[in-house]
Amino acid sequence: MKLSIVLSTQPAQFQAATFKGDLDANLARIASLGYDGVELAIRDPKLIDLDKLERLIRQHKLAVPAIGTGQAWGEEGLSFTDPDPAIRRAAIERIKSHVPVAARFNAERPAAIIIGLVRGIVKPGVDYVQAMDWLIGALRECSLAAEPFGIRLALEPINRYETTLINNAAQGLELIGRVAARNFGLLLDTFHMNIEEPNIQDSIRQAGDWIFHFHVADSNRWYPGGGHLDFRSILTALFATGYTGFVSGEFLPMPDAATGAQKAIEHLRAIAPSLTQGKI
Ligand code: LER
Ligand code: MN
């Protein structure tokens, strides 16, 4: 099982970006804890020193399985479904600007670009059908731009308290059918699944090959093992689909980032030997 953890490369209010602040120190800590990779939350690629970031990541021998983009919404209000066409266009261009960034990391499999809250919400005065049309158009355009680089886009079903668009895996799968791009799939997050899915394991089975990336947090969004989710059963279902990607920790820095990260890796590594040999 390959494990990664979320690190924010720019200041962000998002609380479950486990590591924030000093990049070098955080990467050193993540590597020393035994993580294989780091998931980078990048609000705007043009505001960061990508050469330095890439150098540090290589220095710490970490893979980058995915790039989070949600802070473009969280800090700037960009979204695919804003009634203002200029904001929708800016959101699309922002996601496209992540394509060359994702292509820099991992020759084996480039980083996936996460479509989280940048999809937006159904804003007051906007009709749901209209919002879905804008969303599908934006996703088609971004998937097409990413395709020649071998980059995949992973849309994350997010719980109802954060968005009104795509809360569960079934809605995500329906959207995949409508976008109809082979490089457009899902990111499933156990924290959101615990709120929205009728049965987490069944939803994982249904999503199958469309699972491009996977976030883990416990029921209370603490590190896996800090709440009451059954990660043995959840991960068994995940690997039974043939999933070969990373299991990526995205949880609150509780009681602090380093302790949570350590407890997560202990809990997940203790479970791993019982999972199907060869799949992990
Ligand atoms: C991002 O991966 C996520 O899970 C959301 O809760 C962001 O708000
Ligand atoms: Mn998530």
# chains A, B, ... in the order shown; residues from 1 in each chain; ligands from 1
>>> residues_around(residues="segment 129-146 of chain A", least_positions_apart="5", cutoff="7 Å", atoms="only C-alpha atoms", output="PyMOL selection string")
chain A and resi 80-81+92+95-96+99+119+122+151-153+179+181+183-184
>>> write_last_selection(atoms="N, CA and C atoms", output="PDB file, in the first residue's frame")
ATOM      1  N   PHE A  80     -16.509  26.527 -11.465  1.00  0.00           N
ATOM      2  CA  PHE A  80     -17.037  26.177 -12.787  1.00  0.00           C
ATOM      3  C   PHE A  80     -18.510  26.556 -12.918  1.00  0.00           C
ATOM      4  N   THR A  81     -19.159  26.860 -11.806  1.00  0.00           N
ATOM      5  CA  THR A  81     -20.621  27.027 -11.837  1.00  0.00           C
ATOM      6  C   THR A  81     -21.065  28.396 -11.305  1.00  0.00           C
ATOM      7  N   ILE A  92     -11.702  27.609 -15.166  1.00  0.00           N
ATOM      8  CA  ILE A  92     -11.262  26.641 -16.188  1.00  0.00           C
ATOM      9  C   ILE A  92      -9.778  26.859 -16.512  1.00  0.00           C
ATOM     10  N   ILE A  95      -7.542  25.563 -13.730  1.00  0.00           N
ATOM     11  CA  ILE A  95      -7.356  24.095 -13.717  1.00  0.00           C
ATOM     12  C   ILE A  95      -6.437  23.681 -14.860  1.00  0.00           C
ATOM     13  N   LYS A  96      -6.611  24.297 -16.019  1.00  0.00           N
ATOM     14  CA  LYS A  96      -5.719  23.964 -17.138  1.00  0.00           C
ATOM     15  C   LYS A  96      -4.266  24.291 -16.786  1.00  0.00           C
ATOM     16  N   VAL A  99      -2.069  21.515 -15.456  1.00  0.00           N
ATOM     17  CA  VAL A  99      -1.671  20.362 -16.295  1.00  0.00           C
ATOM     18  C   VAL A  99      -0.147  20.243 -16.400  1.00  0.00           C
ATOM     19  N   ARG A 119     -15.489  23.014  -8.423  1.00  0.00           N
ATOM     20  CA  ARG A 119     -16.711  22.832  -9.221  1.00  0.00           C
ATOM     21  C   ARG A 119     -17.779  23.830  -8.804  1.00  0.00           C
ATOM     22  N   VAL A 122     -24.503  25.280  -6.339  1.00  0.00           N
ATOM     23  CA  VAL A 122     -25.580  25.913  -7.110  1.00  0.00           C
ATOM     24  C   VAL A 122     -25.887  27.241  -6.399  1.00  0.00           C
ATOM     25  N   ILE A 151      -2.553  13.130 -18.312  1.00  0.00           N
ATOM     26  CA  ILE A 151      -2.983  13.550 -16.969  1.00  0.00           C
ATOM     27  C   ILE A 151      -4.464  13.218 -16.789  1.00  0.00           C
ATOM     28  N   ARG A 152      -4.781  12.732 -15.579  1.00  0.00           N
ATOM     29  CA  ARG A 152      -6.167  12.392 -15.265  1.00  0.00           C
ATOM     30  C   ARG A 152      -6.761  13.425 -14.300  1.00  0.00           C
ATOM     31  N   LEU A 153      -8.057  13.643 -14.442  1.00  0.00           N
ATOM     32  CA  LEU A 153      -8.787  14.528 -13.526  1.00  0.00           C
ATOM     33  C   LEU A 153      -9.646  13.670 -12.613  1.00  0.00           C
ATOM     34  N   VAL A 179     -19.797  13.369 -18.970  1.00  0.00           N
ATOM     35  CA  VAL A 179     -18.576  14.056 -19.438  1.00  0.00           C
ATOM     36  C   VAL A 179     -17.925  13.219 -20.537  1.00  0.00           C
ATOM     37  N   ALA A 181     -15.163  11.310 -20.888  1.00  0.00           N
ATOM     38  CA  ALA A 181     -13.730  11.420 -21.222  1.00  0.00           C
ATOM     39  C   ALA A 181     -13.018  10.327 -20.426  1.00  0.00           C
ATOM     40  N   ASN A 183     -10.100  10.114 -19.315  1.00  0.00           N
ATOM     41  CA  ASN A 183      -9.201  10.578 -18.260  1.00  0.00           C
ATOM     42  C   ASN A 183      -9.942  11.353 -17.161  1.00  0.00           C
ATOM     43  N   PHE A 184     -11.276  11.208 -17.123  1.00  0.00           N
ATOM     44  CA  PHE A 184     -12.058  11.863 -16.065  1.00  0.00           C
ATOM     45  C   PHE A 184     -12.701  10.803 -15.173  1.00  0.00           C
TER      46      PHE A 184
END
>>> residues_near_ligand(ligand="ligand 2", cutoff="8 Å", atoms="only C-alpha atoms and all ligand atoms", output="list in words")
Gly116, Glu156, Ile158, Leu187, Leu188, Asp189, Thr190, Phe191, His192, His215, Val216 and Glu250 of chain A
>>> write_last_selection(atoms="N, CA, C and O atoms", output="PDB file, in the first residue's frame")
ATOM      1  N   GLY A 116     -12.175  19.398  -6.726  1.00  0.00           N
ATOM      2  CA  GLY A 116     -12.942  19.380  -5.480  1.00  0.00           C
ATOM      3  C   GLY A 116     -13.935  20.528  -5.506  1.00  0.00           C
ATOM      4  O   GLY A 116     -14.818  20.589  -6.379  1.00  0.00           O
ATOM      5  N   GLU A 156     -14.108  14.813  -6.876  1.00  0.00           N
ATOM      6  CA  GLU A 156     -14.369  14.292  -5.535  1.00  0.00           C
ATOM      7  C   GLU A 156     -15.813  14.559  -5.117  1.00  0.00           C
ATOM      8  O   GLU A 156     -16.211  15.716  -4.982  1.00  0.00           O
ATOM      9  N   ILE A 158     -18.343  15.406  -2.592  1.00  0.00           N
ATOM     10  CA  ILE A 158     -18.108  16.131  -1.322  1.00  0.00           C
ATOM     11  C   ILE A 158     -19.439  16.281  -0.587  1.00  0.00           C
ATOM     12  O   ILE A 158     -20.472  16.512  -1.205  1.00  0.00           O
ATOM     13  N   LEU A 187     -12.347  10.803  -7.245  1.00  0.00           N
ATOM     14  CA  LEU A 187     -11.568  10.722  -6.007  1.00  0.00           C
ATOM     15  C   LEU A 187     -12.588  10.426  -4.914  1.00  0.00           C
ATOM     16  O   LEU A 187     -13.543  11.205  -4.738  1.00  0.00           O
ATOM     17  N   LEU A 188     -12.446   9.314  -4.245  1.00  0.00           N
ATOM     18  CA  LEU A 188     -13.347   9.023  -3.127  1.00  0.00           C
ATOM     19  C   LEU A 188     -12.638   9.343  -1.811  1.00  0.00           C
ATOM     20  O   LEU A 188     -11.450   9.069  -1.656  1.00  0.00           O
ATOM     21  N   ASP A 189     -13.374   9.951  -0.883  1.00  0.00           N
ATOM     22  CA  ASP A 189     -12.822  10.399   0.401  1.00  0.00           C
ATOM     23  C   ASP A 189     -13.682   9.779   1.504  1.00  0.00           C
ATOM     24  O   ASP A 189     -14.907   9.995   1.542  1.00  0.00           O
ATOM     25  N   THR A 190     -13.061   9.013   2.384  1.00  0.00           N
ATOM     26  CA  THR A 190     -13.844   8.279   3.394  1.00  0.00           C
ATOM     27  C   THR A 190     -14.609   9.202   4.340  1.00  0.00           C
ATOM     28  O   THR A 190     -15.651   8.812   4.870  1.00  0.00           O
ATOM     29  N   PHE A 191     -14.111  10.412   4.552  1.00  0.00           N
ATOM     30  CA  PHE A 191     -14.839  11.346   5.416  1.00  0.00           C
ATOM     31  C   PHE A 191     -16.191  11.717   4.789  1.00  0.00           C
ATOM     32  O   PHE A 191     -17.241  11.651   5.431  1.00  0.00           O
ATOM     33  N   HIS A 192     -16.161  12.053   3.508  1.00  0.00           N
ATOM     34  CA  HIS A 192     -17.419  12.400   2.822  1.00  0.00           C
ATOM     35  C   HIS A 192     -18.300  11.161   2.645  1.00  0.00           C
ATOM     36  O   HIS A 192     -19.526  11.243   2.765  1.00  0.00           O
ATOM     37  N   HIS A 215      -8.869   9.411  -0.686  1.00  0.00           N
ATOM     38  CA  HIS A 215      -8.535  10.148   0.538  1.00  0.00           C
ATOM     39  C   HIS A 215      -8.997   9.367   1.760  1.00  0.00           C
ATOM     40  O   HIS A 215     -10.124   8.857   1.777  1.00  0.00           O
ATOM     41  N   VAL A 216      -8.157   9.338   2.781  1.00  0.00           N
ATOM     42  CA  VAL A 216      -8.605   8.733   4.034  1.00  0.00           C
ATOM     43  C   VAL A 216      -8.576   9.741   5.186  1.00  0.00           C
ATOM     44  O   VAL A 216      -7.615  10.478   5.377  1.00  0.00           O
ATOM     45  N   GLU A 250      -5.907  12.829   4.325  1.00  0.00           N
ATOM     46  CA  GLU A 250      -6.349  14.219   4.350  1.00  0.00           C
ATOM     47  C   GLU A 250      -7.210  14.354   5.595  1.00  0.00           C
ATOM     48  O   GLU A 250      -8.408  14.048   5.584  1.00  0.00           O
TER      49      GLU A 250
END
>>> residues_around(residues="Ala28 of chain A", least_positions_apart="5", cutoff="12 Å", atoms="only C-alpha atoms", output="list in words")
Leu7, Phe19, Asp22, Leu23, Leu33, Gly34, Tyr35, Asp36, Gly37, Val38, Leu56, Ile57, Arg58, Gln59, His60, Lys61, Leu62 and Ala258 of chain A
>>> write_last_selection(atoms="C-alpha atoms", output="PDB file, in the first residue's frame")
ATOM      1  CA  LEU A   7       0.514  19.286   2.237  1.00  0.00           C
ATOM      2  CA  PHE A  19       0.538  19.922   6.828  1.00  0.00           C
ATOM      3  CA  ASP A  22       7.517  25.457   6.238  1.00  0.00           C
ATOM      4  CA  LEU A  23       7.759  23.354   3.067  1.00  0.00           C
ATOM      5  CA  LEU A  33       7.512   9.161   9.041  1.00  0.00           C
ATOM      6  CA  GLY A  34       7.649   6.655   6.168  1.00  0.00           C
ATOM      7  CA  TYR A  35       5.173   8.154   3.704  1.00  0.00           C
ATOM      8  CA  ASP A  36       5.830   7.269   0.052  1.00  0.00           C
ATOM      9  CA  GLY A  37       4.325  10.429  -1.345  1.00  0.00           C
ATOM     10  CA  VAL A  38       2.906  13.866  -0.770  1.00  0.00           C
ATOM     11  CA  LEU A  56      12.741  19.502  -2.567  1.00  0.00           C
ATOM     12  CA  ILE A  57      10.323  16.687  -3.385  1.00  0.00           C
ATOM     13  CA  ARG A  58      13.014  14.787  -5.276  1.00  0.00           C
ATOM     14  CA  GLN A  59      15.467  15.408  -2.460  1.00  0.00           C
ATOM     15  CA  HIS A  60      13.074  13.758  -0.019  1.00  0.00           C
ATOM     16  CA  LYS A  61      12.354  10.949  -2.516  1.00  0.00           C
ATOM     17  CA  LEU A  62       8.605  11.487  -2.371  1.00  0.00           C
ATOM     18  CA  ALA A 258       2.972  15.188  13.044  1.00  0.00           C
TER      19      ALA A 258
END
>>> residues_near_ligand(ligand="ligand 1", cutoff="10 Å", atoms="only C-alpha atoms and all ligand atoms", output="short mmCIF file (atom, residue, chain, number, x, y, z; two decimals) with all heavy atoms, in the first residue's frame")
data_model
loop_
_atom_site.label_atom_id
_atom_site.label_comp_id
_atom_site.auth_asym_id
_atom_site.auth_seq_id
_atom_site.Cartn_x
_atom_site.Cartn_y
_atom_site.Cartn_z
N VAL A 6 -1.62 15.00 2.62
CA VAL A 6 -1.83 16.32 2.01
C VAL A 6 -0.94 17.38 2.67
O VAL A 6 -0.86 17.49 3.89
CB VAL A 6 -3.31 16.75 2.12
CG1 VAL A 6 -3.49 18.18 1.62
CG2 VAL A 6 -4.20 15.80 1.32
N GLN A 13 -7.05 28.35 4.32
CA GLN A 13 -7.91 28.20 5.50
C GLN A 13 -8.42 26.78 5.67
O GLN A 13 -8.89 26.41 6.73
CB GLN A 13 -9.10 29.17 5.40
CG GLN A 13 -8.68 30.62 5.61
CD GLN A 13 -9.75 31.58 5.20
OE1 GLN A 13 -10.90 31.41 5.58
NE2 GLN A 13 -9.38 32.57 4.41
N PHE A 14 -8.36 25.98 4.61
CA PHE A 14 -8.87 24.60 4.65
C PHE A 14 -8.20 23.84 5.80
O PHE A 14 -6.99 23.70 5.84
CB PHE A 14 -8.60 23.92 3.31
CG PHE A 14 -9.04 22.48 3.26
CD1 PHE A 14 -10.31 22.10 3.69
CD2 PHE A 14 -8.18 21.50 2.78
CE1 PHE A 14 -10.72 20.78 3.64
CE2 PHE A 14 -8.58 20.17 2.72
CZ PHE A 14 -9.85 19.81 3.15
N GLN A 15 -9.02 23.35 6.73
CA GLN A 15 -8.46 22.82 7.97
C GLN A 15 -7.87 21.43 7.83
O GLN A 15 -7.01 21.05 8.61
CB GLN A 15 -9.55 22.81 9.05
CG GLN A 15 -9.94 24.22 9.45
CD GLN A 15 -11.05 24.21 10.47
OE1 GLN A 15 -11.84 23.27 10.54
NE2 GLN A 15 -11.11 25.26 11.27
N ALA A 16 -8.39 20.64 6.86
CA ALA A 16 -7.92 19.26 6.77
C ALA A 16 -6.71 19.08 5.86
O ALA A 16 -6.31 17.96 5.58
CB ALA A 16 -9.06 18.34 6.33
N ALA A 17 -6.10 20.20 5.40
CA ALA A 17 -4.78 20.08 4.75
C ALA A 17 -3.84 19.80 5.92
O ALA A 17 -3.52 20.69 6.70
CB ALA A 17 -4.42 21.37 4.04
N ALA A 41 -1.41 20.54 -2.26
CA ALA A 41 -2.52 21.48 -2.46
C ALA A 41 -1.90 22.76 -3.01
O ALA A 41 -1.07 23.39 -2.35
CB ALA A 41 -3.24 21.73 -1.15
N ILE A 67 -2.72 16.46 -7.17
CA ILE A 67 -2.62 17.89 -6.85
C ILE A 67 -4.01 18.41 -6.53
O ILE A 67 -4.94 18.28 -7.33
CB ILE A 67 -2.00 18.66 -8.05
CG1 ILE A 67 -0.54 18.20 -8.22
CG2 ILE A 67 -2.09 20.16 -7.84
CD1 ILE A 67 0.14 18.77 -9.42
N GLY A 68 -4.15 18.98 -5.35
CA GLY A 68 -5.43 19.54 -4.91
C GLY A 68 -5.55 20.98 -5.38
O GLY A 68 -4.56 21.73 -5.35
N THR A 69 -6.75 21.37 -5.79
CA THR A 69 -6.94 22.69 -6.39
C THR A 69 -8.00 23.52 -5.66
O THR A 69 -8.30 24.63 -6.07
CB THR A 69 -7.40 22.51 -7.85
OG1 THR A 69 -8.65 21.78 -7.84
CG2 THR A 69 -6.39 21.73 -8.68
N GLY A 70 -8.58 22.96 -4.61
CA GLY A 70 -9.78 23.53 -3.98
C GLY A 70 -9.60 24.93 -3.40
O GLY A 70 -10.58 25.65 -3.22
N GLN A 71 -8.34 25.31 -3.16
CA GLN A 71 -8.16 26.64 -2.57
C GLN A 71 -8.43 27.77 -3.55
O GLN A 71 -8.59 28.93 -3.15
CB GLN A 71 -6.76 26.76 -1.93
CG GLN A 71 -6.55 25.80 -0.76
CD GLN A 71 -7.78 25.70 0.13
OE1 GLN A 71 -8.30 26.71 0.61
NE2 GLN A 71 -8.29 24.49 0.32
N TRP A 73 -11.11 27.94 -5.01
CA TRP A 73 -12.47 28.27 -4.54
C TRP A 73 -12.39 28.86 -3.12
O TRP A 73 -12.94 29.92 -2.84
CB TRP A 73 -13.34 27.02 -4.56
CG TRP A 73 -14.54 27.06 -3.65
CD1 TRP A 73 -14.60 26.62 -2.35
CD2 TRP A 73 -15.84 27.59 -3.94
NE1 TRP A 73 -15.85 26.83 -1.83
CE2 TRP A 73 -16.64 27.43 -2.78
CE3 TRP A 73 -16.42 28.18 -5.06
CZ2 TRP A 73 -17.97 27.83 -2.71
CZ3 TRP A 73 -17.77 28.58 -4.99
CH2 TRP A 73 -18.52 28.40 -3.83
N GLY A 74 -11.69 28.16 -2.25
CA GLY A 74 -11.66 28.54 -0.84
C GLY A 74 -11.12 29.95 -0.60
O GLY A 74 -11.65 30.68 0.23
N ILE A 114 -7.04 17.13 -8.91
CA ILE A 114 -8.28 16.95 -8.15
C ILE A 114 -9.27 18.07 -8.46
O ILE A 114 -8.91 19.26 -8.42
CB ILE A 114 -7.96 16.90 -6.64
CG1 ILE A 114 -7.07 15.70 -6.33
CG2 ILE A 114 -9.26 16.88 -5.82
CD1 ILE A 114 -6.55 15.66 -4.90
N ILE A 115 -10.49 17.69 -8.77
CA ILE A 115 -11.57 18.66 -8.91
C ILE A 115 -12.44 18.53 -7.68
O ILE A 115 -13.28 17.63 -7.57
CB ILE A 115 -12.41 18.43 -10.19
CG1 ILE A 115 -11.52 18.32 -11.44
CG2 ILE A 115 -13.46 19.52 -10.34
CD1 ILE A 115 -10.77 19.58 -11.82
N GLY A 116 -12.17 19.40 -6.73
CA GLY A 116 -12.94 19.38 -5.48
C GLY A 116 -13.93 20.53 -5.51
O GLY A 116 -14.82 20.59 -6.38
N LEU A 117 -13.75 21.48 -4.61
CA LEU A 117 -14.74 22.55 -4.51
C LEU A 117 -14.66 23.58 -5.64
O LEU A 117 -15.56 24.42 -5.75
CB LEU A 117 -14.62 23.23 -3.15
CG LEU A 117 -15.21 22.40 -2.01
CD1 LEU A 117 -14.95 23.07 -0.66
CD2 LEU A 117 -16.71 22.18 -2.19
N VAL A 118 -13.66 23.47 -6.49
CA VAL A 118 -13.60 24.39 -7.64
C VAL A 118 -14.79 24.14 -8.58
O VAL A 118 -15.12 24.97 -9.42
CB VAL A 118 -12.24 24.28 -8.36
CG1 VAL A 118 -12.12 23.00 -9.17
CG2 VAL A 118 -11.96 25.51 -9.22
N LEU A 155 -12.66 13.87 -9.92
CA LEU A 155 -13.69 14.66 -9.23
C LEU A 155 -14.06 14.00 -7.91
O LEU A 155 -14.30 12.80 -7.85
CB LEU A 155 -14.95 14.80 -10.09
CG LEU A 155 -15.99 15.67 -9.38
CD1 LEU A 155 -16.37 16.87 -10.21
CD2 LEU A 155 -17.19 14.87 -8.94
N GLU A 156 -14.11 14.81 -6.88
CA GLU A 156 -14.37 14.29 -5.54
C GLU A 156 -15.81 14.56 -5.12
O GLU A 156 -16.21 15.72 -4.98
CB GLU A 156 -13.42 15.00 -4.56
CG GLU A 156 -13.58 14.55 -3.12
CD GLU A 156 -12.55 15.19 -2.20
OE1 GLU A 156 -12.16 16.35 -2.46
OE2 GLU A 156 -12.16 14.54 -1.22
N PRO A 157 -16.63 13.50 -4.93
CA PRO A 157 -17.92 13.74 -4.29
C PRO A 157 -17.68 14.31 -2.88
O PRO A 157 -16.86 13.77 -2.13
CB PRO A 157 -18.55 12.33 -4.24
CG PRO A 157 -17.86 11.57 -5.34
CD PRO A 157 -16.45 12.10 -5.33
N ILE A 158 -18.34 15.41 -2.59
CA ILE A 158 -18.11 16.13 -1.32
C ILE A 158 -19.44 16.28 -0.59
O ILE A 158 -20.47 16.51 -1.21
CB ILE A 158 -17.47 17.51 -1.62
CG1 ILE A 158 -16.00 17.31 -2.08
CG2 ILE A 158 -17.50 18.43 -0.41
CD1 ILE A 158 -15.26 18.58 -2.43
N ASN A 159 -19.40 16.16 0.71
CA ASN A 159 -20.65 16.11 1.50
C ASN A 159 -21.52 17.37 1.35
O ASN A 159 -21.05 18.44 1.00
CB ASN A 159 -20.33 15.82 2.97
CG ASN A 159 -19.82 17.04 3.70
OD1 ASN A 159 -20.56 17.96 3.99
ND2 ASN A 159 -18.51 17.08 3.95
N TYR A 161 -22.81 19.48 3.21
CA TYR A 161 -22.59 20.71 3.97
C TYR A 161 -21.57 21.62 3.29
O TYR A 161 -21.41 22.77 3.68
CB TYR A 161 -22.16 20.38 5.41
CG TYR A 161 -23.14 19.43 6.07
CD1 TYR A 161 -22.82 18.10 6.29
CD2 TYR A 161 -24.42 19.87 6.42
CE1 TYR A 161 -23.72 17.22 6.85
CE2 TYR A 161 -25.33 19.01 6.98
CZ TYR A 161 -24.99 17.68 7.18
OH TYR A 161 -25.90 16.81 7.73
N GLU A 162 -20.88 21.09 2.28
CA GLU A 162 -19.87 21.90 1.58
C GLU A 162 -20.28 22.26 0.16
O GLU A 162 -19.82 23.25 -0.38
CB GLU A 162 -18.53 21.16 1.54
CG GLU A 162 -17.90 20.96 2.91
CD GLU A 162 -16.48 20.42 2.81
OE1 GLU A 162 -15.64 21.07 2.17
OE2 GLU A 162 -16.22 19.34 3.37
N THR A 163 -21.11 21.41 -0.48
CA THR A 163 -21.54 21.71 -1.85
C THR A 163 -22.90 21.09 -2.12
O THR A 163 -23.29 20.11 -1.47
CB THR A 163 -20.52 21.23 -2.92
OG1 THR A 163 -21.00 21.61 -4.22
CG2 THR A 163 -20.31 19.73 -2.90
N LEU A 187 -12.35 10.80 -7.25
CA LEU A 187 -11.57 10.72 -6.01
C LEU A 187 -12.59 10.43 -4.91
O LEU A 187 -13.54 11.21 -4.74
CB LEU A 187 -10.87 12.06 -5.73
CG LEU A 187 -10.55 12.44 -4.28
CD1 LEU A 187 -9.70 11.40 -3.58
CD2 LEU A 187 -9.87 13.78 -4.23
N LEU A 188 -12.45 9.31 -4.24
CA LEU A 188 -13.35 9.02 -3.13
C LEU A 188 -12.64 9.34 -1.81
O LEU A 188 -11.45 9.07 -1.66
CB LEU A 188 -13.80 7.56 -3.16
CG LEU A 188 -14.60 7.15 -4.40
CD1 LEU A 188 -15.06 5.69 -4.29
CD2 LEU A 188 -15.82 8.06 -4.60
N ASP A 189 -13.37 9.95 -0.88
CA ASP A 189 -12.82 10.40 0.40
C ASP A 189 -13.68 9.78 1.50
O ASP A 189 -14.91 9.99 1.54
CB ASP A 189 -12.89 11.94 0.43
CG ASP A 189 -12.38 12.57 1.72
OD1 ASP A 189 -12.54 11.95 2.80
OD2 ASP A 189 -11.85 13.69 1.65
N THR A 190 -13.06 9.01 2.38
CA THR A 190 -13.84 8.28 3.39
C THR A 190 -14.61 9.20 4.34
O THR A 190 -15.65 8.81 4.87
CB THR A 190 -12.94 7.33 4.22
OG1 THR A 190 -11.90 8.10 4.84
CG2 THR A 190 -12.34 6.25 3.35
N PHE A 191 -14.11 10.41 4.55
CA PHE A 191 -14.84 11.35 5.42
C PHE A 191 -16.19 11.72 4.79
O PHE A 191 -17.24 11.65 5.43
CB PHE A 191 -14.01 12.61 5.66
CG PHE A 191 -14.76 13.70 6.37
CD1 PHE A 191 -15.09 13.57 7.71
CD2 PHE A 191 -15.16 14.84 5.69
CE1 PHE A 191 -15.81 14.58 8.36
CE2 PHE A 191 -15.87 15.85 6.34
CZ PHE A 191 -16.19 15.72 7.68
N HIS A 192 -16.16 12.05 3.51
CA HIS A 192 -17.42 12.40 2.82
C HIS A 192 -18.30 11.16 2.65
O HIS A 192 -19.53 11.24 2.76
CB HIS A 192 -17.13 13.04 1.46
CG HIS A 192 -16.31 14.28 1.56
ND1 HIS A 192 -16.69 15.38 2.29
CD2 HIS A 192 -15.09 14.60 1.05
CE1 HIS A 192 -15.77 16.32 2.22
NE2 HIS A 192 -14.79 15.87 1.46
N PHE A 214 -7.69 8.33 -3.79
CA PHE A 214 -8.45 7.95 -2.59
C PHE A 214 -7.94 8.72 -1.37
O PHE A 214 -6.75 8.71 -1.08
CB PHE A 214 -8.27 6.44 -2.36
CG PHE A 214 -9.35 5.83 -1.51
CD1 PHE A 214 -10.62 5.56 -2.04
CD2 PHE A 214 -9.12 5.54 -0.18
CE1 PHE A 214 -11.62 5.00 -1.27
CE2 PHE A 214 -10.12 4.98 0.61
CZ PHE A 214 -11.38 4.70 0.06
N HIS A 215 -8.87 9.41 -0.69
CA HIS A 215 -8.53 10.15 0.54
C HIS A 215 -9.00 9.37 1.76
O HIS A 215 -10.12 8.86 1.78
CB HIS A 215 -9.27 11.50 0.58
CG HIS A 215 -8.59 12.58 -0.19
ND1 HIS A 215 -9.20 13.78 -0.48
CD2 HIS A 215 -7.34 12.65 -0.72
CE1 HIS A 215 -8.35 14.55 -1.16
NE2 HIS A 215 -7.22 13.88 -1.31
N VAL A 216 -8.16 9.34 2.78
CA VAL A 216 -8.60 8.73 4.03
C VAL A 216 -8.58 9.74 5.19
O VAL A 216 -7.61 10.48 5.38
CB VAL A 216 -7.77 7.48 4.45
CG1 VAL A 216 -8.18 6.27 3.63
CG2 VAL A 216 -6.27 7.72 4.35
N ALA A 217 -9.68 9.74 5.92
CA ALA A 217 -9.81 10.42 7.21
C ALA A 217 -10.84 9.59 7.95
O ALA A 217 -11.65 8.90 7.32
CB ALA A 217 -10.32 11.84 7.03
N ARG A 221 -13.00 13.10 10.97
CA ARG A 221 -11.95 13.73 10.16
C ARG A 221 -10.61 13.79 10.89
O ARG A 221 -9.74 14.57 10.54
CB ARG A 221 -12.37 15.11 9.64
CG ARG A 221 -11.85 15.29 8.22
CD ARG A 221 -12.36 16.44 7.43
NE ARG A 221 -12.13 16.14 6.01
CZ ARG A 221 -12.41 16.95 5.02
NH1 ARG A 221 -12.95 18.14 5.24
NH2 ARG A 221 -12.18 16.60 3.77
N SER A 248 -4.31 8.36 0.37
CA SER A 248 -3.77 9.66 0.74
C SER A 248 -4.47 10.24 1.97
O SER A 248 -5.69 10.40 1.98
CB SER A 248 -3.94 10.61 -0.47
OG SER A 248 -3.08 11.71 -0.37
N GLY A 249 -3.71 10.53 2.98
CA GLY A 249 -4.27 11.06 4.23
C GLY A 249 -4.64 12.53 4.09
O GLY A 249 -3.78 13.36 3.74
N GLU A 250 -5.91 12.83 4.33
CA GLU A 250 -6.35 14.22 4.35
C GLU A 250 -7.21 14.35 5.60
O GLU A 250 -8.41 14.05 5.58
CB GLU A 250 -7.16 14.57 3.09
CG GLU A 250 -7.57 16.04 3.07
CD GLU A 250 -8.61 16.32 2.01
OE1 GLU A 250 -9.69 15.68 2.05
OE2 GLU A 250 -8.38 17.19 1.17
N PHE A 251 -6.60 14.75 6.69
CA PHE A 251 -7.33 14.81 7.95
C PHE A 251 -6.87 16.01 8.76
O PHE A 251 -5.86 16.66 8.44
CB PHE A 251 -7.17 13.49 8.73
CG PHE A 251 -5.77 12.92 8.72
CD1 PHE A 251 -4.79 13.42 9.57
CD2 PHE A 251 -5.43 11.90 7.85
CE1 PHE A 251 -3.51 12.90 9.56
CE2 PHE A 251 -4.14 11.38 7.83
CZ PHE A 251 -3.17 11.88 8.69
#
>>> residues_around(residues="Arg160 of chain A", least_positions_apart="4", cutoff="8 Å", atoms="only C-alpha atoms", output="ChimeraX atom specification")
/A:164,167,196
>>> write_last_selection(atoms="C-alpha atoms", output="compact mmCIF listing (two decimals), in the first residue's frame")
# COMPACT_ATOMS: atom_id res chain seq x y z
CA THR A 164 -24.86 21.11 -3.56
CA ASN A 167 -22.30 14.60 -3.04
CA GLU A 196 -23.22 10.44 2.13
>>> select_by_dssp(residues="segment 78-222 of chain A", states="strand (DSSP E or B)", output="ChimeraX atom specification")
/A:112-115,153-155,184-189,211-216
>>> atom_distance(atom1="atom CA of Glu39 of chain A", atom2="atom CA of Val64 of chain A")
5.6 Å
>>> closest_residue(among="A:Leu186, A:Leu238, A:Ile195, A:Leu47", to="Ser219 of chain A", atoms="only C-alpha atoms")
A:Ile195
>>> closest_residue(among="A:Ser32, A:Thr259, A:Ser203, A:Asn106", to="Trp222 of chain A", atoms="only C-alpha atoms")
A:Thr259
>>> residues_around(residues="Ser8 of chain A", least_positions_apart="3", cutoff="8 Å", atoms="only C-alpha atoms", output="JSON, numbers by chain")
{"A": [11, 12, 17, 18, 19, 20, 21, 40, 41, 42]}
>>> select_by_dssp(residues="segment 111-260 of chain A", states="alpha helix (DSSP H)", output="ChimeraX atom specification")
/A:128-146,169-179,190-196,200-207,231-240,257-260
>>> residues_around(residues="Gly225 of chain A", least_positions_apart="2", cutoff="7 Å", atoms="only C-alpha atoms", output="PyMOL selection string")
chain A and resi 218+223+227+264+267
>>> closest_residue(among="A:Met254, A:Ala237, A:Leu165, A:Ala25", to="Tyr128 of chain A", atoms="only C-alpha atoms")
A:Leu165
